[in-house]
file entry_28.txt (compact mmCIF, N, CA and C atoms)
# COMPACT_ATOMS: atom_id res chain seq x y z
N MET A 124 94.31 83.84 160.80
CA MET A 124 93.17 84.04 161.67
C MET A 124 92.09 83.01 161.31
N THR A 125 91.51 82.44 162.34
CA THR A 125 90.46 81.45 162.10
C THR A 125 89.15 82.16 161.73
N ILE A 126 88.19 81.40 161.24
CA ILE A 126 86.89 81.97 160.88
C ILE A 126 86.23 82.58 162.12
N ARG A 127 86.33 81.87 163.24
CA ARG A 127 85.73 82.37 164.49
C ARG A 127 86.36 83.69 164.91
N GLU A 128 87.67 83.78 164.83
CA GLU A 128 88.36 85.03 165.19
C GLU A 128 87.96 86.16 164.25
N THR A 129 87.83 85.86 162.97
CA THR A 129 87.43 86.86 161.99
C THR A 129 86.03 87.39 162.29
N VAL A 130 85.12 86.49 162.61
CA VAL A 130 83.75 86.89 162.95
C VAL A 130 83.75 87.75 164.22
N THR A 131 84.53 87.36 165.21
CA THR A 131 84.62 88.12 166.45
C THR A 131 85.15 89.53 166.19
N VAL A 132 86.19 89.65 165.41
CA VAL A 132 86.76 90.95 165.08
C VAL A 132 85.74 91.80 164.33
N GLU A 133 85.05 91.21 163.39
CA GLU A 133 84.05 91.95 162.62
C GLU A 133 82.88 92.38 163.51
N THR A 134 82.48 91.52 164.42
CA THR A 134 81.39 91.86 165.34
C THR A 134 81.78 93.03 166.23
N TRP A 135 82.98 92.99 166.79
CA TRP A 135 83.45 94.10 167.63
C TRP A 135 83.59 95.37 166.81
N ALA A 136 84.06 95.28 165.59
CA ALA A 136 84.20 96.46 164.74
C ALA A 136 82.85 97.11 164.49
N GLU A 137 81.83 96.31 164.24
CA GLU A 137 80.48 96.85 164.05
C GLU A 137 79.96 97.51 165.32
N TRP A 138 80.24 96.88 166.46
CA TRP A 138 79.79 97.44 167.72
C TRP A 138 80.45 98.79 167.96
N PHE A 139 81.76 98.90 167.74
CA PHE A 139 82.46 100.17 167.93
C PHE A 139 81.93 101.24 166.98
N LYS A 140 81.64 100.86 165.74
CA LYS A 140 81.09 101.83 164.79
C LYS A 140 79.74 102.36 165.27
N SER A 141 78.88 101.46 165.76
CA SER A 141 77.55 101.89 166.20
C SER A 141 77.64 102.73 167.47
N VAL A 142 78.52 102.37 168.39
CA VAL A 142 78.67 103.14 169.62
C VAL A 142 79.28 104.51 169.31
N ASP A 143 80.17 104.57 168.38
CA ASP A 143 80.83 105.83 168.02
C ASP A 143 79.82 106.86 167.51
N ARG A 144 78.71 106.40 166.97
CA ARG A 144 77.69 107.31 166.44
C ARG A 144 76.71 107.80 167.51
N LEU A 145 76.76 107.23 168.70
CA LEU A 145 75.85 107.63 169.76
C LEU A 145 76.17 109.05 170.23
N GLN A 146 75.14 109.76 170.60
CA GLN A 146 75.33 111.13 171.09
C GLN A 146 75.22 111.14 172.61
N VAL A 147 76.02 111.98 173.23
CA VAL A 147 75.94 112.17 174.67
C VAL A 147 74.71 113.02 174.94
N THR A 148 73.90 112.62 175.88
CA THR A 148 72.65 113.33 176.12
C THR A 148 72.87 114.72 176.69
N SER A 149 73.82 114.87 177.60
CA SER A 149 74.11 116.20 178.13
C SER A 149 75.45 116.21 178.84
N ALA A 150 76.04 117.39 178.91
CA ALA A 150 77.30 117.53 179.63
C ALA A 150 77.05 117.35 181.13
N GLU A 151 75.85 117.71 181.58
CA GLU A 151 75.51 117.59 183.00
C GLU A 151 75.54 116.13 183.43
N ALA A 152 75.00 115.24 182.61
CA ALA A 152 75.01 113.82 182.94
C ALA A 152 76.44 113.30 183.05
N ALA A 153 77.30 113.72 182.15
CA ALA A 153 78.70 113.29 182.19
C ALA A 153 79.37 113.81 183.45
N SER A 154 79.09 115.05 183.80
CA SER A 154 79.67 115.65 185.01
C SER A 154 79.19 114.93 186.26
N ASP A 155 77.89 114.59 186.31
CA ASP A 155 77.35 113.85 187.45
C ASP A 155 78.04 112.51 187.59
N TYR A 156 78.27 111.85 186.47
CA TYR A 156 78.92 110.54 186.49
C TYR A 156 80.36 110.69 187.00
N GLN A 157 81.06 111.72 186.53
CA GLN A 157 82.43 111.94 186.98
C GLN A 157 82.47 112.19 188.49
N GLN A 158 81.53 113.00 188.99
CA GLN A 158 81.48 113.28 190.42
C GLN A 158 81.17 112.01 191.21
N HIS A 159 80.28 111.18 190.67
CA HIS A 159 79.95 109.92 191.31
C HIS A 159 81.20 109.03 191.43
N LEU A 160 81.97 108.95 190.35
CA LEU A 160 83.19 108.13 190.38
C LEU A 160 84.20 108.67 191.38
N LEU A 161 84.39 109.99 191.40
CA LEU A 161 85.32 110.59 192.35
C LEU A 161 84.90 110.30 193.79
N SER A 162 83.61 110.43 194.05
CA SER A 162 83.09 110.15 195.39
C SER A 162 83.33 108.69 195.76
N LYS A 163 83.07 107.81 194.82
CA LYS A 163 83.27 106.38 195.05
C LYS A 163 84.74 106.08 195.39
N TYR A 164 85.66 106.65 194.62
CA TYR A 164 87.07 106.40 194.86
C TYR A 164 87.52 106.98 196.20
N ARG A 165 87.02 108.17 196.53
CA ARG A 165 87.40 108.79 197.80
C ARG A 165 86.90 107.96 198.98
N LYS A 166 85.70 107.37 198.86
CA LYS A 166 85.18 106.52 199.94
C LYS A 166 86.06 105.31 200.14
N GLN A 167 86.76 104.90 199.11
CA GLN A 167 87.67 103.74 199.20
C GLN A 167 89.07 104.18 199.65
N GLY A 168 89.24 105.48 199.91
CA GLY A 168 90.52 105.98 200.39
C GLY A 168 91.50 106.33 199.28
N LEU A 169 91.04 106.39 198.06
CA LEU A 169 91.93 106.72 196.95
C LEU A 169 91.90 108.23 196.68
N GLU A 170 93.03 108.78 196.33
CA GLU A 170 93.11 110.20 195.98
C GLU A 170 93.49 110.33 194.51
N LEU A 171 92.79 111.17 193.80
CA LEU A 171 93.08 111.42 192.39
C LEU A 171 93.56 112.83 192.20
call {"tool": "encode", "arguments": {"input": "entry_28.txt", "output": "structure tokens"}}
result
Amino acid sequence: MTIRETVTVETWAEWFKSVDRLQVTSAEAASDYQQHLLSKYRKQGLEL
């Protein structure tokens, strides 16, 4: 692995660690997002 690749891997690893510690603000927000995605896909004619 080159130095650049090593730095990239380490940078992504740090990012994943920091994101993994984030808390979800509410289940309602997640549900709203899921409904938004379903609506978006249905408007495009996709069925899930």
call {"tool": "atom_distance", "arguments": {"input": "entry_28.txt", "atom1": "atom N of Leu169 in chain A", "atom2": "atom C of Gln157 in chain A"}}
result
14.1 Å
call {"tool": "axis_aligned_box", "arguments": {"input": "entry_28.txt", "around": "range 130-143 of chain A", "padding_each_side": "5 Å", "output": "JSON"}}
result
{"center_x": 82.2, "center_y": 96.7, "center_z": 166.1, "size_x": 19.2, "size_y": 30.4, "size_z": 17.0}
call {"tool": "select_by_dssp", "arguments": {"input": "entry_28.txt", "residues": "chain A", "states": "helix (DSSP H, G or I)", "output": "PDB file with N, CA and C atoms, in the coordinates of the input"}}
result
ATOM      1  N   ILE A 126      88.190  81.400 161.240  1.00  0.00           N
ATOM      2  CA  ILE A 126      86.890  81.970 160.880  1.00  0.00           C
ATOM      3  C   ILE A 126      86.230  82.580 162.120  1.00  0.00           C
ATOM      4  N   ARG A 127      86.330  81.870 163.240  1.00  0.00           N
ATOM      5  CA  ARG A 127      85.730  82.370 164.490  1.00  0.00           C
ATOM      6  C   ARG A 127      86.360  83.690 164.910  1.00  0.00           C
ATOM      7  N   GLU A 128      87.670  83.780 164.830  1.00  0.00           N
ATOM      8  CA  GLU A 128      88.360  85.030 165.190  1.00  0.00           C
ATOM      9  C   GLU A 128      87.960  86.160 164.250  1.00  0.00           C
ATOM     10  N   THR A 129      87.830  85.860 162.970  1.00  0.00           N
ATOM     11  CA  THR A 129      87.430  86.860 161.990  1.00  0.00           C
ATOM     12  C   THR A 129      86.030  87.390 162.290  1.00  0.00           C
ATOM     13  N   VAL A 130      85.120  86.490 162.610  1.00  0.00           N
ATOM     14  CA  VAL A 130      83.750  86.890 162.950  1.00  0.00           C
ATOM     15  C   VAL A 130      83.750  87.750 164.220  1.00  0.00           C
ATOM     16  N   THR A 131      84.530  87.360 165.210  1.00  0.00           N
ATOM     17  CA  THR A 131      84.620  88.120 166.450  1.00  0.00           C
ATOM     18  C   THR A 131      85.150  89.530 166.190  1.00  0.00           C
ATOM     19  N   VAL A 132      86.190  89.650 165.410  1.00  0.00           N
ATOM     20  CA  VAL A 132      86.760  90.950 165.080  1.00  0.00           C
ATOM     21  C   VAL A 132      85.740  91.800 164.330  1.00  0.00           C
ATOM     22  N   GLU A 133      85.050  91.210 163.390  1.00  0.00           N
ATOM     23  CA  GLU A 133      84.050  91.950 162.620  1.00  0.00           C
ATOM     24  C   GLU A 133      82.880  92.380 163.510  1.00  0.00           C
ATOM     25  N   THR A 134      82.480  91.520 164.420  1.00  0.00           N
ATOM     26  CA  THR A 134      81.390  91.860 165.340  1.00  0.00           C
ATOM     27  C   THR A 134      81.780  93.030 166.230  1.00  0.00           C
ATOM     28  N   TRP A 135      82.980  92.990 166.790  1.00  0.00           N
ATOM     29  CA  TRP A 135      83.450  94.100 167.630  1.00  0.00           C
ATOM     30  C   TRP A 135      83.590  95.370 166.810  1.00  0.00           C
ATOM     31  N   ALA A 136      84.060  95.280 165.590  1.00  0.00           N
ATOM     32  CA  ALA A 136      84.200  96.460 164.740  1.00  0.00           C
ATOM     33  C   ALA A 136      82.850  97.110 164.490  1.00  0.00           C
ATOM     34  N   GLU A 137      81.830  96.310 164.240  1.00  0.00           N
ATOM     35  CA  GLU A 137      80.480  96.850 164.050  1.00  0.00           C
ATOM     36  C   GLU A 137      79.960  97.510 165.320  1.00  0.00           C
ATOM     37  N   TRP A 138      80.240  96.880 166.460  1.00  0.00           N
ATOM     38  CA  TRP A 138      79.790  97.440 167.720  1.00  0.00           C
ATOM     39  C   TRP A 138      80.450  98.790 167.960  1.00  0.00           C
ATOM     40  N   PHE A 139      81.760  98.900 167.740  1.00  0.00           N
ATOM     41  CA  PHE A 139      82.460 100.170 167.930  1.00  0.00           C
ATOM     42  C   PHE A 139      81.930 101.240 166.980  1.00  0.00           C
ATOM     43  N   LYS A 140      81.640 100.860 165.740  1.00  0.00           N
ATOM     44  CA  LYS A 140      81.090 101.830 164.790  1.00  0.00           C
ATOM     45  C   LYS A 140      79.740 102.360 165.270  1.00  0.00           C
ATOM     46  N   SER A 141      78.880 101.460 165.760  1.00  0.00           N
ATOM     47  CA  SER A 141      77.550 101.890 166.200  1.00  0.00           C
ATOM     48  C   SER A 141      77.640 102.730 167.470  1.00  0.00           C
ATOM     49  N   VAL A 142      78.520 102.370 168.390  1.00  0.00           N
ATOM     50  CA  VAL A 142      78.670 103.140 169.620  1.00  0.00           C
ATOM     51  C   VAL A 142      79.280 104.510 169.310  1.00  0.00           C
ATOM     52  N   ASP A 143      80.170 104.570 168.380  1.00  0.00           N
ATOM     53  CA  ASP A 143      80.830 105.830 168.020  1.00  0.00           C
ATOM     54  C   ASP A 143      79.820 106.860 167.510  1.00  0.00           C
ATOM     55  N   ALA A 150      76.040 117.390 178.910  1.00  0.00           N
ATOM     56  CA  ALA A 150      77.300 117.530 179.630  1.00  0.00           C
ATOM     57  C   ALA A 150      77.050 117.350 181.130  1.00  0.00           C
ATOM     58  N   GLU A 151      75.850 117.710 181.580  1.00  0.00           N
ATOM     59  CA  GLU A 151      75.510 117.590 183.000  1.00  0.00           C
ATOM     60  C   GLU A 151      75.540 116.130 183.430  1.00  0.00           C
ATOM     61  N   ALA A 152      75.000 115.240 182.610  1.00  0.00           N
ATOM     62  CA  ALA A 152      75.010 113.820 182.940  1.00  0.00           C
ATOM     63  C   ALA A 152      76.440 113.300 183.050  1.00  0.00           C
ATOM     64  N   ALA A 153      77.300 113.720 182.150  1.00  0.00           N
ATOM     65  CA  ALA A 153      78.700 113.290 182.190  1.00  0.00           C
ATOM     66  C   ALA A 153      79.370 113.810 183.450  1.00  0.00           C
ATOM     67  N   SER A 154      79.090 115.050 183.800  1.00  0.00           N
ATOM     68  CA  SER A 154      79.670 115.650 185.010  1.00  0.00           C
ATOM     69  C   SER A 154      79.190 114.930 186.260  1.00  0.00           C
ATOM     70  N   ASP A 155      77.890 114.590 186.310  1.00  0.00           N
ATOM     71  CA  ASP A 155      77.350 113.850 187.450  1.00  0.00           C
ATOM     72  C   ASP A 155      78.040 112.510 187.590  1.00  0.00           C
ATOM     73  N   TYR A 156      78.270 111.850 186.470  1.00  0.00           N
ATOM     74  CA  TYR A 156      78.920 110.540 186.490  1.00  0.00           C
ATOM     75  C   TYR A 156      80.360 110.690 187.000  1.00  0.00           C
ATOM     76  N   GLN A 157      81.060 111.720 186.530  1.00  0.00           N
ATOM     77  CA  GLN A 157      82.430 111.940 186.980  1.00  0.00           C
ATOM     78  C   GLN A 157      82.470 112.190 188.490  1.00  0.00           C
ATOM     79  N   GLN A 158      81.530 113.000 188.990  1.00  0.00           N
ATOM     80  CA  GLN A 158      81.480 113.280 190.420  1.00  0.00           C
ATOM     81  C   GLN A 158      81.170 112.010 191.210  1.00  0.00           C
ATOM     82  N   HIS A 159      80.280 111.180 190.670  1.00  0.00           N
ATOM     83  CA  HIS A 159      79.950 109.920 191.310  1.00  0.00           C
ATOM     84  C   HIS A 159      81.200 109.030 191.430  1.00  0.00           C
ATOM     85  N   LEU A 160      81.970 108.950 190.350  1.00  0.00           N
ATOM     86  CA  LEU A 160      83.190 108.130 190.380  1.00  0.00           C
ATOM     87  C   LEU A 160      84.200 108.670 191.380  1.00  0.00           C
ATOM     88  N   LEU A 161      84.390 109.990 191.400  1.00  0.00           N
ATOM     89  CA  LEU A 161      85.320 110.590 192.350  1.00  0.00           C
ATOM     90  C   LEU A 161      84.900 110.300 193.790  1.00  0.00           C
ATOM     91  N   SER A 162      83.610 110.430 194.050  1.00  0.00           N
ATOM     92  CA  SER A 162      83.090 110.150 195.390  1.00  0.00           C
ATOM     93  C   SER A 162      83.330 108.690 195.760  1.00  0.00           C
ATOM     94  N   LYS A 163      83.070 107.810 194.820  1.00  0.00           N
ATOM     95  CA  LYS A 163      83.270 106.380 195.050  1.00  0.00           C
ATOM     96  C   LYS A 163      84.740 106.080 195.390  1.00  0.00           C
ATOM     97  N   TYR A 164      85.660 106.650 194.620  1.00  0.00           N
ATOM     98  CA  TYR A 164      87.070 106.400 194.860  1.00  0.00           C
ATOM     99  C   TYR A 164      87.520 106.980 196.200  1.00  0.00           C
ATOM    100  N   ARG A 165      87.020 108.170 196.530  1.00  0.00           N
ATOM    101  CA  ARG A 165      87.400 108.790 197.800  1.00  0.00           C
ATOM    102  C   ARG A 165      86.900 107.960 198.980  1.00  0.00           C
ATOM    103  N   LYS A 166      85.700 107.370 198.860  1.00  0.00           N
ATOM    104  CA  LYS A 166      85.180 106.520 199.940  1.00  0.00           C
ATOM    105  C   LYS A 166      86.060 105.310 200.140  1.00  0.00           C
TER     106      LYS A 166
END
call {"tool": "decode", "arguments": {"input": "entry_28.txt", "residues": "chain A", "atoms": "C-alpha atoms", "output": "PDB file, in the first residue's frame"}}
result
ATOM      1  CA  MET A 124       0.000   0.000   0.000  1.00  0.00           C
ATOM      2  CA  THR A 125       1.299   3.433  -0.878  1.00  0.00           C
ATOM      3  CA  ILE A 126       1.535   6.265   1.660  1.00  0.00           C
ATOM      4  CA  ARG A 127      -1.397   8.010  -0.035  1.00  0.00           C
ATOM      5  CA  GLU A 128      -3.556   4.881   0.165  1.00  0.00           C
ATOM      6  CA  THR A 129      -2.630   4.410   3.824  1.00  0.00           C
ATOM      7  CA  VAL A 130      -3.608   7.995   4.642  1.00  0.00           C
ATOM      8  CA  THR A 131      -6.895   7.575   2.760  1.00  0.00           C
ATOM      9  CA  VAL A 132      -7.735   4.373   4.633  1.00  0.00           C
ATOM     10  CA  GLU A 133      -6.884   5.983   7.965  1.00  0.00           C
ATOM     11  CA  THR A 134      -8.956   9.062   7.134  1.00  0.00           C
ATOM     12  CA  TRP A 135     -11.995   6.959   6.233  1.00  0.00           C
ATOM     13  CA  ALA A 136     -11.525   4.834   9.366  1.00  0.00           C
ATOM     14  CA  GLU A 137     -11.585   7.972  11.530  1.00  0.00           C
ATOM     15  CA  TRP A 138     -14.666   9.233   9.725  1.00  0.00           C
ATOM     16  CA  PHE A 139     -16.518   5.940  10.283  1.00  0.00           C
ATOM     17  CA  LYS A 140     -15.549   5.946  13.964  1.00  0.00           C
ATOM     18  CA  SER A 141     -16.861   9.481  14.447  1.00  0.00           C
ATOM     19  CA  VAL A 142     -20.083   8.814  12.538  1.00  0.00           C
ATOM     20  CA  ASP A 143     -20.652   5.589  14.462  1.00  0.00           C
ATOM     21  CA  ARG A 144     -20.803   7.632  17.689  1.00  0.00           C
ATOM     22  CA  LEU A 145     -23.530   9.959  16.401  1.00  0.00           C
ATOM     23  CA  GLN A 146     -26.954   9.590  17.944  1.00  0.00           C
ATOM     24  CA  VAL A 147     -30.184   9.496  15.987  1.00  0.00           C
ATOM     25  CA  THR A 148     -32.277  12.459  17.047  1.00  0.00           C
ATOM     26  CA  SER A 149     -35.599  10.630  16.973  1.00  0.00           C
ATOM     27  CA  ALA A 150     -37.356   7.605  15.568  1.00  0.00           C
ATOM     28  CA  GLU A 151     -39.930   9.984  14.069  1.00  0.00           C
ATOM     29  CA  ALA A 152     -37.294  11.667  11.905  1.00  0.00           C
ATOM     30  CA  ALA A 153     -36.116   8.287  10.624  1.00  0.00           C
ATOM     31  CA  SER A 154     -39.698   7.257   9.877  1.00  0.00           C
ATOM     32  CA  ASP A 155     -40.357  10.518   8.012  1.00  0.00           C
ATOM     33  CA  TYR A 156     -37.244   9.952   5.933  1.00  0.00           C
ATOM     34  CA  GLN A 157     -38.311   6.384   5.121  1.00  0.00           C
ATOM     35  CA  GLN A 158     -41.761   7.596   4.059  1.00  0.00           C
ATOM     36  CA  HIS A 159     -40.168  10.300   1.923  1.00  0.00           C
ATOM     37  CA  LEU A 160     -38.008   7.706   0.142  1.00  0.00           C
ATOM     38  CA  LEU A 161     -40.976   5.382  -0.439  1.00  0.00           C
ATOM     39  CA  SER A 162     -42.999   8.265  -1.869  1.00  0.00           C
ATOM     40  CA  LYS A 163     -40.107   9.257  -4.117  1.00  0.00           C
ATOM     41  CA  TYR A 164     -39.703   5.720  -5.461  1.00  0.00           C
ATOM     42  CA  ARG A 165     -43.443   5.300  -6.018  1.00  0.00           C
ATOM     43  CA  LYS A 166     -43.546   8.562  -8.019  1.00  0.00           C
ATOM     44  CA  GLN A 167     -40.894   7.021 -10.270  1.00  0.00           C
ATOM     45  CA  GLY A 168     -43.087   3.938 -10.746  1.00  0.00           C
ATOM     46  CA  LEU A 169     -41.051   1.627  -8.548  1.00  0.00           C
ATOM     47  CA  GLU A 170     -42.693  -0.813  -6.144  1.00  0.00           C
ATOM     48  CA  LEU A 171     -40.995  -1.997  -2.976  1.00  0.00           C
TER      49      LEU A 171
END
